[in-house]
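Asker: So that you have it, the file is entry16.txt, and it contains compact mmCIF, C-alpha atoms (C1' of nucleotides):
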```txt
# COMPACT_ATOMS: atom_id res chain seq x y z
CA MET A 1 302.55 66.44 154.52
CA THR A 2 303.29 69.18 152.09
CA THR A 3 301.91 72.38 153.69
CA ARG A 4 303.93 74.26 151.13
CA GLY A 5 301.75 74.11 148.04
CA GLU A 6 298.57 74.29 150.01
CA GLN A 7 298.34 78.06 149.87
CA MET A 8 298.41 77.88 146.11
CA GLN A 9 295.81 75.14 146.09
CA ALA A 10 293.59 77.21 148.36
CA GLN A 11 293.90 80.21 146.09
CA VAL A 12 293.13 78.18 142.99
CA LEU A 13 290.12 76.65 144.67
CA ALA A 14 288.95 80.10 145.79
CA VAL A 15 289.18 81.40 142.24
CA LEU A 16 287.15 78.47 140.92
CA LYS A 17 284.54 78.79 143.64
CA ARG A 18 284.14 82.52 143.13
CA LYS A 19 283.58 81.92 139.44
CA GLY A 20 281.09 79.11 139.94
CA SER A 21 281.40 77.80 136.41
CA ALA A 22 284.11 76.04 134.47
CA MET A 23 287.39 77.83 133.86
CA SER A 24 290.36 76.87 131.77
CA ALA A 25 293.68 76.54 133.55
CA TYR A 26 294.81 79.69 131.79
CA ASP A 27 291.77 81.62 132.97
CA VAL A 28 292.76 80.68 136.50
CA LEU A 29 296.32 81.66 135.73
CA ASP A 30 295.25 85.12 134.59
CA VAL A 31 293.31 85.71 137.79
CA LEU A 32 296.19 84.55 139.95
CA ARG A 33 298.61 86.83 138.18
CA ALA A 34 296.98 89.73 140.02
CA ASP A 35 298.58 88.43 143.23
CA HIS A 36 301.56 86.58 141.79
CA PRO A 37 302.73 88.38 138.66
CA LYS A 38 305.34 85.74 137.85
CA ILE A 39 303.20 82.64 138.16
CA ALA A 40 303.54 80.02 135.42
CA PRO A 41 301.32 77.26 134.00
CA PRO A 42 302.86 74.27 135.81
CA THR A 43 302.10 75.87 139.17
CA VAL A 44 298.44 76.11 138.28
CA TYR A 45 298.29 72.63 136.79
CA ARG A 46 299.95 71.14 139.85
CA ALA A 47 297.50 72.83 142.16
CA LEU A 48 294.60 71.73 139.99
CA ASN A 49 295.78 68.14 139.89
CA ALA A 50 296.25 68.05 143.64
CA LEU A 51 292.76 69.45 144.13
CA ILE A 52 291.34 66.88 141.73
CA GLU A 53 293.01 64.11 143.75
CA LYS A 54 291.41 65.45 146.90
CA GLY A 55 288.05 65.77 145.20
CA GLY A 56 287.71 69.54 145.58
CA VAL A 57 287.83 70.11 141.85
CA HIS A 58 286.59 68.25 138.80
CA ARG A 59 288.04 68.31 135.35
CA VAL A 60 285.48 68.82 132.60
CA GLU A 61 286.92 66.68 129.82
CA SER A 62 284.66 67.94 127.09
CA LEU A 63 285.69 71.55 127.78
CA ASN A 64 289.31 71.08 128.75
CA ALA A 65 288.36 73.05 131.82
CA PHE A 66 288.02 72.79 135.58
CA VAL A 67 285.25 73.44 138.05
CA ALA A 68 285.02 73.58 141.84
CA CYS A 69 283.12 70.67 143.29
CA ASN A 70 279.95 72.27 144.60
CA SER A 71 278.87 69.19 146.49
CA ASP A 72 276.51 70.69 149.04
CA GLY A 73 276.96 67.59 151.11
CA HIS A 74 275.87 64.78 148.80
CA SER A 75 278.68 62.28 148.59
CA HIS A 76 279.85 62.25 144.99
CA ASP A 77 281.90 59.07 145.17
CA HIS A 78 283.79 60.38 142.18
CA ALA A 79 281.24 59.02 139.74
CA SER A 80 278.55 61.60 139.27
CA VAL A 81 276.93 63.11 136.21
CA MET A 82 277.94 66.60 135.16
CA SER A 83 275.44 68.78 133.38
CA ILE A 84 277.03 71.60 131.46
CA CYS A 85 275.06 74.58 130.22
CA ASP A 86 276.40 75.66 126.85
CA ASP A 87 274.69 79.05 127.26
CA CYS A 88 275.97 80.27 130.62
CA GLY A 89 278.76 77.78 131.31
CA SER A 90 277.36 76.61 134.62
CA VAL A 91 278.25 73.08 135.66
CA GLU A 92 276.18 71.02 138.07
CA GLU A 93 276.89 67.65 139.58
CA ASN A 94 273.89 65.37 139.60
CA ALA A 95 273.69 62.20 141.61
CA ALA A 96 272.63 59.27 139.47
CA PRO A 97 272.03 56.29 141.70
CA GLY A 98 271.15 53.46 139.38
CA LEU A 99 273.17 54.76 136.51
CA MET A 100 276.60 53.57 137.53
CA ASP A 101 275.34 50.08 138.23
CA ASN A 102 273.62 50.03 134.89
CA LEU A 103 276.80 51.14 133.17
CA SER A 104 279.04 48.75 135.04
CA GLY A 105 276.68 45.91 134.24
CA ILE A 106 276.82 46.61 130.53
CA LEU A 107 280.60 46.81 130.48
CA ASP A 108 281.17 43.84 132.76
CA LYS A 109 279.27 41.75 130.28
CA ALA A 110 281.79 42.78 127.64
CA GLY A 111 284.64 41.85 129.99
CA PHE A 112 285.66 45.47 130.44
CA ALA A 113 287.05 46.46 133.86
CA ALA A 114 285.94 50.06 134.39
CA GLN A 115 288.12 52.40 136.41
CA ARG A 116 287.07 55.95 135.62
CA HIS A 117 283.74 57.28 134.42
CA VAL A 118 283.38 60.42 132.35
CA ILE A 119 279.72 61.36 132.12
CA GLU A 120 279.10 64.86 130.87
CA VAL A 121 275.88 66.12 129.36
CA HIS A 122 275.78 69.34 127.37
CA GLY A 123 272.60 71.31 126.99
CA THR A 124 270.71 74.23 128.50
CA CYS A 125 270.22 74.69 132.22
CA SER A 126 266.86 75.55 133.74
CA ASP A 127 267.74 79.23 134.17
CA CYS A 128 268.75 79.63 130.55
CA VAL A 129 265.77 77.64 129.31
CA THR A 130 263.51 80.06 131.17
CA GLU A 131 265.30 83.05 129.71
CA GLU A 132 264.90 81.69 126.22
CA MET A 133 261.16 81.48 126.83
CA SER A 134 260.92 85.25 126.91
CA GLY A 135 263.51 87.00 124.71
CA ASP A 136 265.11 84.50 122.32
CA SER A 137 268.67 83.26 122.91
CA LYS A 138 271.08 86.18 122.62
CA PRO A 139 269.73 89.50 121.28
CA MET B 1 277.66 68.93 97.00
CA THR B 2 281.29 69.16 97.79
CA THR B 3 282.92 66.10 96.09
CA ARG B 4 286.18 67.88 96.50
CA GLY B 5 287.10 67.20 100.09
CA GLU B 6 285.66 63.74 100.00
CA GLN B 7 288.91 62.12 98.97
CA MET B 8 290.56 63.61 102.00
CA GLN B 9 287.73 62.45 104.24
CA ALA B 10 288.00 58.97 102.81
CA GLN B 11 291.72 58.87 103.43
CA VAL B 12 291.35 60.12 107.00
CA LEU B 13 288.67 57.53 107.66
CA ALA B 14 290.87 54.83 106.16
CA VAL B 15 293.73 55.79 108.44
CA LEU B 16 291.50 55.67 111.50
CA LYS B 17 289.99 52.34 110.51
CA ARG B 18 293.36 50.76 109.85
CA LYS B 19 294.53 51.85 113.27
CA GLY B 20 291.43 50.65 115.08
CA SER B 21 292.09 52.70 118.18
CA ALA B 22 291.99 56.38 119.00
CA MET B 23 294.40 58.70 117.23
CA SER B 24 295.13 62.34 117.78
CA ALA B 25 294.58 64.63 114.82
CA TYR B 26 298.33 65.03 114.57
CA ASP B 27 298.87 61.27 114.50
CA VAL B 28 296.54 61.17 111.52
CA LEU B 29 298.40 64.09 110.02
CA ASP B 30 301.72 62.26 110.28
CA VAL B 31 300.34 59.22 108.49
CA LEU B 32 298.82 61.33 105.75
CA ARG B 33 302.08 63.15 105.16
CA ALA B 34 303.37 59.97 103.54
CA ASP B 35 301.03 60.67 100.63
CA HIS B 36 300.69 64.44 100.91
CA PRO B 37 303.95 65.87 102.22
CA LYS B 38 302.56 69.38 102.47
CA ILE B 39 299.34 68.66 104.32
CA ALA B 40 298.46 70.96 107.23
CA PRO B 41 296.35 70.64 110.41
CA PRO B 42 293.22 72.45 109.22
CA THR B 43 292.84 69.99 106.38
CA VAL B 44 292.80 67.10 108.83
CA TYR B 45 290.51 68.86 111.28
CA ARG B 46 288.06 69.75 108.52
CA ALA B 47 287.96 66.16 107.33
CA LEU B 48 287.52 64.92 110.89
CA ASN B 49 284.71 67.35 111.61
CA ALA B 50 282.94 66.43 108.41
CA LEU B 51 283.24 62.75 109.28
CA ILE B 52 281.93 63.39 112.78
CA GLU B 53 278.90 65.15 111.31
CA LYS B 54 278.24 62.16 109.11
CA GLY B 55 278.73 59.78 112.02
CA GLY B 56 281.69 57.90 110.59
CA VAL B 57 284.00 59.14 113.31
CA HIS B 58 283.66 59.89 117.00
CA ARG B 59 285.64 62.32 119.04
CA VAL B 60 286.95 60.95 122.31
CA GLU B 61 286.73 63.98 124.58
CA SER B 62 288.75 62.54 127.42
CA LEU B 63 291.68 61.81 125.10
CA ASN B 64 291.43 64.73 122.71
CA ALA B 65 291.47 62.08 120.04
CA PHE B 66 289.37 60.53 117.30
CA VAL B 67 288.23 57.03 116.47
CA ALA B 68 286.49 55.42 113.51
CA CYS B 69 282.96 54.38 114.31
CA ASN B 70 283.15 50.60 114.25
CA SER B 71 279.40 50.17 114.32
CA ASP B 72 279.05 46.69 112.86
CA GLY B 73 275.47 47.48 112.13
CA HIS B 74 274.00 48.42 115.49
CA SER B 75 272.42 51.82 115.22
CA HIS B 76 274.34 54.14 117.49
CA ASP B 77 271.86 57.00 117.47
CA HIS B 78 274.74 59.23 118.51
CA ALA B 79 274.33 58.42 122.16
CA SER B 80 276.34 55.32 122.92
CA VAL B 81 278.82 54.50 125.63
CA MET B 82 282.49 54.43 124.77
CA SER B 83 284.78 52.09 126.65
CA ILE B 84 288.42 53.07 126.38
CA CYS B 85 291.23 50.70 127.29
CA ASP B 86 294.02 52.66 128.94
CA ASP B 87 296.44 49.80 128.26
CA CYS B 88 296.07 49.22 124.54
CA GLY B 89 294.09 52.29 123.49
CA SER B 90 291.24 50.33 121.94
CA VAL B 91 287.87 52.05 121.93
CA GLU B 92 284.58 50.22 121.75
CA GLU B 93 281.07 51.56 121.37
CA ASN B 94 278.58 49.85 123.61
CA ALA B 95 274.86 50.14 123.26
CA ALA B 96 273.23 51.11 126.53
CA PRO B 97 269.48 50.93 126.11
CA GLY B 98 268.03 52.06 129.41
CA LEU B 99 270.89 54.32 130.24
CA MET B 100 269.94 57.32 128.16
CA ASP B 101 266.40 57.31 129.48
CA ASN B 102 267.72 57.05 133.01
CA LEU B 103 270.04 59.97 132.41
CA SER B 104 267.44 62.11 130.69
CA GLY B 105 265.03 61.45 133.52
CA ILE B 106 267.47 62.66 136.13
CA LEU B 107 268.31 65.81 134.23
CA ASP B 108 264.76 66.60 133.20
CA LYS B 109 263.84 66.66 136.85
CA ALA B 110 266.47 69.36 137.35
CA GLY B 111 265.03 71.31 134.42
CA PHE B 112 268.06 70.67 132.27
CA ALA B 113 267.50 70.28 128.51
CA ALA B 114 270.11 67.81 127.34
CA GLN B 115 271.53 68.08 123.84
CA ARG B 116 274.77 66.11 123.71
CA HIS B 117 275.89 63.18 125.81
CA VAL B 118 279.53 62.41 126.53
CA ILE B 119 279.79 59.00 128.17
CA GLU B 120 283.29 57.60 128.23
CA VAL B 121 284.53 54.90 130.56
CA HIS B 122 288.24 54.31 131.06
CA GLY B 123 289.57 50.98 132.23
CA THR B 124 291.01 47.75 130.92
CA CYS B 125 289.51 45.82 128.02
CA SER B 126 288.93 42.08 128.15
CA ASP B 127 292.03 41.30 126.08
CA CYS B 128 294.30 43.31 128.34
CA VAL B 129 292.68 41.96 131.49
CA THR B 130 293.47 38.46 130.25
CA GLU B 131 297.06 39.38 129.49
CA GLU B 132 297.51 40.81 132.95
CA MET B 133 296.37 37.48 134.39
CA SER B 134 299.53 35.82 133.10
CA GLY B 135 302.53 38.19 132.92
CA ASP B 136 301.84 41.35 134.92
CA SER B 137 301.13 44.61 133.09
CA LYS B 138 304.31 45.81 131.39
CA PRO B 139 307.62 44.09 132.27
C1' DC C 1 282.53 81.50 77.94
C1' DG C 2 282.34 84.62 81.84
C1' DA C 3 280.52 85.84 86.47
C1' DC C 4 279.24 83.85 90.86
C1' DT C 5 279.58 80.78 94.81
C1' DT C 6 281.66 77.46 97.65
C1' DG C 7 284.98 75.74 100.37
C1' DC C 8 289.84 73.98 100.20
C1' DG C 9 294.93 74.67 101.20
C1' DT C 10 298.13 77.45 103.38
C1' DT C 11 300.17 80.53 106.67
C1' DA C 12 300.26 81.97 110.90
C1' DC C 13 299.01 81.86 115.45
C1' DA C 14 296.15 80.74 119.73
C1' DA C 15 295.09 77.67 123.51
C1' DT C 16 296.15 73.73 126.36
C1' DA C 17 299.61 70.98 128.74
C1' DT C 18 304.02 68.97 130.37
C1' DA C 19 309.30 67.68 130.62
C1' DA C 20 313.16 68.75 133.04
C1' DC C 21 316.21 71.06 135.97
C1' DG C 22 317.90 73.73 139.83
C1' DT C 23 316.74 74.98 144.27
C1' DA C 24 314.25 76.05 148.41
C1' DA C 25 311.60 74.00 152.09
C1' DT C 26 310.88 70.29 155.23
C1' DC C 27 312.44 66.23 157.81
C1' DT C 28 315.65 63.01 160.30
C1' DA C 29 319.21 62.06 163.05
C1' DA C 30 323.42 63.06 165.35
C1' DT D 1 321.46 73.29 165.90
C1' DT D 2 323.14 71.67 161.97
C1' DA D 3 324.57 68.19 158.15
C1' DG D 4 322.54 65.37 155.04
C1' DA D 5 318.58 63.35 152.76
C1' DT D 6 314.20 64.07 150.64
C1' DT D 7 310.40 66.28 148.67
C1' DA D 8 308.14 69.02 145.64
C1' DC D 9 308.08 73.88 143.97
C1' DG D 10 309.10 77.57 140.55
C1' DT D 11 311.00 78.44 136.18
C1' DT D 12 312.29 77.87 131.47
C1' DA D 13 311.39 75.92 127.54
C1' DT D 14 308.85 73.26 124.53
C1' DA D 15 305.27 69.86 123.18
C1' DT D 16 300.54 69.09 121.87
C1' DT D 17 296.02 70.35 120.28
C1' DG D 18 293.18 73.45 117.69
C1' DT D 19 291.62 77.58 114.75
C1' DA D 20 291.32 82.42 112.31
C1' DA D 21 291.78 84.30 108.05
C1' DC D 22 292.97 84.96 103.36
C1' DG D 23 293.58 83.92 98.55
C1' DC D 24 292.68 80.89 95.02
C1' DA D 25 290.96 76.72 92.72
C1' DA D 26 286.93 73.97 91.58
C1' DG D 27 282.37 73.60 90.63
C1' DT D 28 277.73 76.14 89.17
C1' DC D 29 274.72 78.78 86.48
C1' DG D 30 273.49 82.25 83.19
```
The structure given in the file should be rewritten as structure tokens.
Answerer:
Amino acid sequence: MTTRGEQMQAQVLAVLKRKGSAMSAYDVLDVLRADHPKIAPPTVYRALNALIEKGGVHRVESLNAFVACNSDGHSHDHASVMSICDDCGSVEENAAPGLMDNLSGILDKAGFAAQRHVIEVHGTCSDCVTEEMSGDSKP
Amino acid sequence: MTTRGEQMQAQVLAVLKRKGSAMSAYDVLDVLRADHPKIAPPTVYRALNALIEKGGVHRVESLNAFVACNSDGHSHDHASVMSICDDCGSVEENAAPGLMDNLSGILDKAGFAAQRHVIEVHGTCSDCVTEEMSGDSKP
DNA sequence: CGACTTGCGTTACAATATAACGTAATCTAA
DNA sequence: TTAGATTACGTTATATTGTAACGCAAGTCG
């Protein structure tokens, strides 16, 4: 196998994991420039795409951003629901058992052969909801 | 009210409807330049955003593109499923009755307050599936 | 008619992403 | 070990998508 780009992939993944929320490719790039001053966008995008293939990273389509897959063990057979907090930027993967079947059923009836599901829900996470209970939004 | 930008909005909507599939803002821009040689991106984006507010246009997050809402009457209470054909680019809105409740239920349990749903399914539409039955994909 | 408000058009630029090319790293076989 | 084939990486350059900000035109109200 490659072995060559894997260091870069590991570093990109580490950056995303340390952050814990979604980052743009250029945010990742800026962090990596600390180590590799001459790094360029395609390097980051290649690492990100490889990681996405492997399932270690998800792309958040509605943010044009990327997030480390924090699957604590639950098998996300690349069809989970992402909940995105618009306050703090946190992104969680939620398993949604019946949902995919439901969706596939609807589309099958229309003759549509589904291949990739993008299910992203924007809103406010439990932490930020709680915070808004006390002092309002952003003082 | 405005009244002033409404011509532009109407023209943008007309372009999207004529096309029938998703277009990038710059695709729309190119078409509009036939009439308005000096038109610039912000004009198009403003029209698109206004149309999205009104519900006449949807943004396709996973394509960074826009599509005219072809609701033939069915009330898409801004929470429908979009099926996107990766072969021909057609985009359909599908009603998904139970789905939103299902989704909300899952997220409520996690304490997440949902505000905007992005549900986009990529695949092959019935027309393109049929075509692929005879001559394969793209000779 | 003149002052006020709204928001449009334009310029300029920011943010996101990829094409393409030369080359360095790895692999295979002699 | 090395010559040759192959892979895929780094770099340069550019394409694509999106927006900040400013000045002025169009509508509004006295």
Asker: Which residues, written as JSON, numbers by chain, have at least one atom at most 12 Å from DT5 in chain C, with only C-alpha atoms (C1' of nucleotides) counted and residues fewer than 4 positions away on the same chain left out?
Answerer: {"D": [26, 27, 28, 29]}
Asker: May I ask for the distance between CA of Val12 in chain A and CA of Phe112 in chain B, given in Å to one decimal place?
Answerer: 28.3 Å
Asker: Compile a residue-level contact table for chain A against chain D at a cut-off of 8 Å, reporting for every qualifying residue the shortest atom pair and its distance in Å to one decimal, with all atoms listed in the file counted, rows ordered by chain and ascending number, as JSON lines.
Answerer:
```
{"residue": "A:Gly5", "atom": "CA", "partner": "D:DC9", "partner_atom": "C1'", "distance": 7.5}
{"residue": "A:Ala40", "atom": "CA", "partner": "D:DT11", "partner_atom": "C1'", "distance": 7.7}
{"residue": "A:Thr43", "atom": "CA", "partner": "D:DG10", "partner_atom": "C1'", "distance": 7.3}
```
Asker: Provide as a PyMOL selection string the residues of chain C at most 8 Å from chain A, counting all atoms listed in the file.
Answerer: chain C and resi 16+18+25
Asker: Go ahead and fit an axis-aligned box to every listed atom of range 8-19 of chain D plus 4 Å each side, and pass me the centre and edge lengths in Å, one decimal, as JSON.
Answerer:
```
{"center_x": 302.0, "center_y": 73.7, "center_z": 130.2, "size_x": 28.7, "size_y": 17.4, "size_z": 38.9}
```
Asker: Output as JSON lines one row per residue of chain B within 6 Å of chain A: the closest atom pair and its distance in Å to one decimal place, counting only C-alpha atoms, sorted by chain and residue number ascending.
Answerer:
```
{"residue": "B:Glu61", "atom": "CA", "partner": "A:Ser62", "partner_atom": "CA", "distance": 5.1}
{"residue": "B:Ser62", "atom": "CA", "partner": "A:Glu61", "partner_atom": "CA", "distance": 5.1}
{"residue": "B:Gly111", "atom": "CA", "partner": "A:Ser126", "partner_atom": "CA", "distance": 4.7}
{"residue": "B:Phe112", "atom": "CA", "partner": "A:Cys125", "partner_atom": "CA", "distance": 4.6}
{"residue": "B:Ala113", "atom": "CA", "partner": "A:Thr124", "partner_atom": "CA", "distance": 5.1}
{"residue": "B:Ala114", "atom": "CA", "partner": "A:Gly123", "partner_atom": "CA", "distance": 4.3}
{"residue": "B:Gln115", "atom": "CA", "partner": "A:Gly123", "partner_atom": "CA", "distance": 4.6}
{"residue": "B:Arg116", "atom": "CA", "partner": "A:His122", "partner_atom": "CA", "distance": 5.0}
{"residue": "B:His117", "atom": "CA", "partner": "A:Val121", "partner_atom": "CA", "distance": 4.6}
{"residue": "B:Val118", "atom": "CA", "partner": "A:Glu120", "partner_atom": "CA", "distance": 5.0}
{"residue": "B:Ile119", "atom": "CA", "partner": "A:Ile119", "partner_atom": "CA", "distance": 4.6}
{"residue": "B:Glu120", "atom": "CA", "partner": "A:Val118", "partner_atom": "CA", "distance": 5.0}
{"residue": "B:Val121", "atom": "CA", "partner": "A:His117", "partner_atom": "CA", "distance": 4.6}
{"residue": "B:His122", "atom": "CA", "partner": "A:Arg116", "partner_atom": "CA", "distance": 5.0}
{"residue": "B:Gly123", "atom": "CA", "partner": "A:Ala114", "partner_atom": "CA", "distance": 4.3}
{"residue": "B:Thr124", "atom": "CA", "partner": "A:Ala113", "partner_atom": "CA", "distance": 5.1}
{"residue": "B:Cys125", "atom": "CA", "partner": "A:Phe112", "partner_atom": "CA", "distance": 4.6}
{"residue": "B:Ser126", "atom": "CA", "partner": "A:Gly111", "partner_atom": "CA", "distance": 4.7}
```
Asker: C1' of DT6 in chain C and CA of His58 in chain B are how many Å apart?
Answerer: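 According to the coordinates, C1' of DT6 in chain C and CA of His58 in chain B are separated by 26.2 Å.
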Asker: Could you tell me how far CA of Gln9 in chain A lies from CA of Gly55 in chain A, in Å and to one decimal?
Answerer: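 Between CA of Gln9 in chain A and CA of Gly55 in chain A the gap is 12.2 Å.
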Asker: Go ahead and find all residues with at least one atom no further than 8 Å from (299.9, 72.5, 102.2) in the file's coordinates, using all atoms listed in the file; report them as a list in words.
Answerer: Pro37, Lys38, Ile39 and Ala40 of chain B; DG9 and DT10 of chain C
Asker: From the coordinates supplied, range 2-23 of chain B should be written with N, CA and C atoms, as a PDB file, in the first residue's frame.
Answerer:
```
ATOM      1  N   THR B   2     -40.196  45.973  -1.820  1.00  0.00           N
ATOM      2  CA  THR B   2     -39.115  46.262  -2.756  1.00  0.00           C
ATOM      3  C   THR B   2     -39.685  46.644  -4.134  1.00  0.00           C
ATOM      4  N   THR B   3     -40.124  45.669  -4.936  1.00  0.00           N
ATOM      5  CA  THR B   3     -40.626  45.933  -6.299  1.00  0.00           C
ATOM      6  C   THR B   3     -39.490  46.115  -7.272  1.00  0.00           C
ATOM      7  N   ARG B   4     -38.335  46.471  -6.704  1.00  0.00           N
ATOM      8  CA  ARG B   4     -37.238  46.818  -7.597  1.00  0.00           C
ATOM      9  C   ARG B   4     -36.444  45.581  -8.026  1.00  0.00           C
ATOM     10  N   GLY B   5     -36.128  44.745  -7.048  1.00  0.00           N
ATOM     11  CA  GLY B   5     -35.342  43.573  -7.385  1.00  0.00           C
ATOM     12  C   GLY B   5     -36.199  42.430  -7.904  1.00  0.00           C
ATOM     13  N   GLU B   6     -37.478  42.645  -7.942  1.00  0.00           N
ATOM     14  CA  GLU B   6     -38.358  41.530  -8.277  1.00  0.00           C
ATOM     15  C   GLU B   6     -38.212  41.093  -9.732  1.00  0.00           C
ATOM     16  N   GLN B   7     -37.901  42.007 -10.607  1.00  0.00           N
ATOM     17  CA  GLN B   7     -37.646  41.596 -11.985  1.00  0.00           C
ATOM     18  C   GLN B   7     -36.489  40.607 -12.021  1.00  0.00           C
ATOM     19  N   MET B   8     -35.433  40.982 -11.314  1.00  0.00           N
ATOM     20  CA  MET B   8     -34.258  40.111 -11.313  1.00  0.00           C
ATOM     21  C   MET B   8     -34.610  38.746 -10.735  1.00  0.00           C
ATOM     22  N   GLN B   9     -35.352  38.744  -9.635  1.00  0.00           N
ATOM     23  CA  GLN B   9     -35.750  37.472  -9.042  1.00  0.00           C
ATOM     24  C   GLN B   9     -36.559  36.652 -10.031  1.00  0.00           C
ATOM     25  N   ALA B  10     -37.460  37.315 -10.731  1.00  0.00           N
ATOM     26  CA  ALA B  10     -38.285  36.595 -11.701  1.00  0.00           C
ATOM     27  C   ALA B  10     -37.420  35.994 -12.799  1.00  0.00           C
ATOM     28  N   GLN B  11     -36.443  36.748 -13.253  1.00  0.00           N
ATOM     29  CA  GLN B  11     -35.584  36.238 -14.318  1.00  0.00           C
ATOM     30  C   GLN B  11     -34.750  35.057 -13.839  1.00  0.00           C
ATOM     31  N   VAL B  12     -34.219  35.163 -12.623  1.00  0.00           N
ATOM     32  CA  VAL B  12     -33.427  34.062 -12.073  1.00  0.00           C
ATOM     33  C   VAL B  12     -34.296  32.813 -11.948  1.00  0.00           C
ATOM     34  N   LEU B  13     -35.496  33.011 -11.436  1.00  0.00           N
ATOM     35  CA  LEU B  13     -36.402  31.869 -11.282  1.00  0.00           C
ATOM     36  C   LEU B  13     -36.726  31.258 -12.639  1.00  0.00           C
ATOM     37  N   ALA B  14     -36.924  32.109 -13.628  1.00  0.00           N
ATOM     38  CA  ALA B  14     -37.236  31.609 -14.972  1.00  0.00           C
ATOM     39  C   ALA B  14     -36.087  30.764 -15.507  1.00  0.00           C
ATOM     40  N   VAL B  15     -34.884  31.243 -15.296  1.00  0.00           N
ATOM     41  CA  VAL B  15     -33.713  30.494 -15.760  1.00  0.00           C
ATOM     42  C   VAL B  15     -33.670  29.128 -15.101  1.00  0.00           C
ATOM     43  N   LEU B  16     -33.873  29.099 -13.797  1.00  0.00           N
ATOM     44  CA  LEU B  16     -33.813  27.827 -13.075  1.00  0.00           C
ATOM     45  C   LEU B  16     -34.924  26.884 -13.522  1.00  0.00           C
ATOM     46  N   LYS B  17     -36.106  27.446 -13.749  1.00  0.00           N
ATOM     47  CA  LYS B  17     -37.228  26.589 -14.152  1.00  0.00           C
ATOM     48  C   LYS B  17     -36.997  26.022 -15.542  1.00  0.00           C
ATOM     49  N   ARG B  18     -36.481  26.845 -16.436  1.00  0.00           N
ATOM     50  CA  ARG B  18     -36.234  26.382 -17.797  1.00  0.00           C
ATOM     51  C   ARG B  18     -35.247  25.214 -17.771  1.00  0.00           C
ATOM     52  N   LYS B  19     -34.239  25.359 -16.926  1.00  0.00           N
ATOM     53  CA  LYS B  19     -33.219  24.323 -16.848  1.00  0.00           C
ATOM     54  C   LYS B  19     -33.760  23.033 -16.228  1.00  0.00           C
ATOM     55  N   GLY B  20     -34.495  23.168 -15.152  1.00  0.00           N
ATOM     56  CA  GLY B  20     -35.119  21.989 -14.555  1.00  0.00           C
ATOM     57  C   GLY B  20     -34.221  21.187 -13.643  1.00  0.00           C
ATOM     58  N   SER B  21     -32.928  21.409 -13.711  1.00  0.00           N
ATOM     59  CA  SER B  21     -32.022  20.717 -12.799  1.00  0.00           C
ATOM     60  C   SER B  21     -31.212  21.756 -12.032  1.00  0.00           C
ATOM     61  N   ALA B  22     -30.304  21.284 -11.215  1.00  0.00           N
ATOM     62  CA  ALA B  22     -29.555  22.210 -10.374  1.00  0.00           C
ATOM     63  C   ALA B  22     -28.552  23.012 -11.198  1.00  0.00           C
ATOM     64  N   MET B  23     -28.425  24.274 -10.853  1.00  0.00           N
ATOM     65  CA  MET B  23     -27.440  25.137 -11.506  1.00  0.00           C
ATOM     66  C   MET B  23     -26.633  25.844 -10.437  1.00  0.00           C
TER      67      MET B  23
END
```
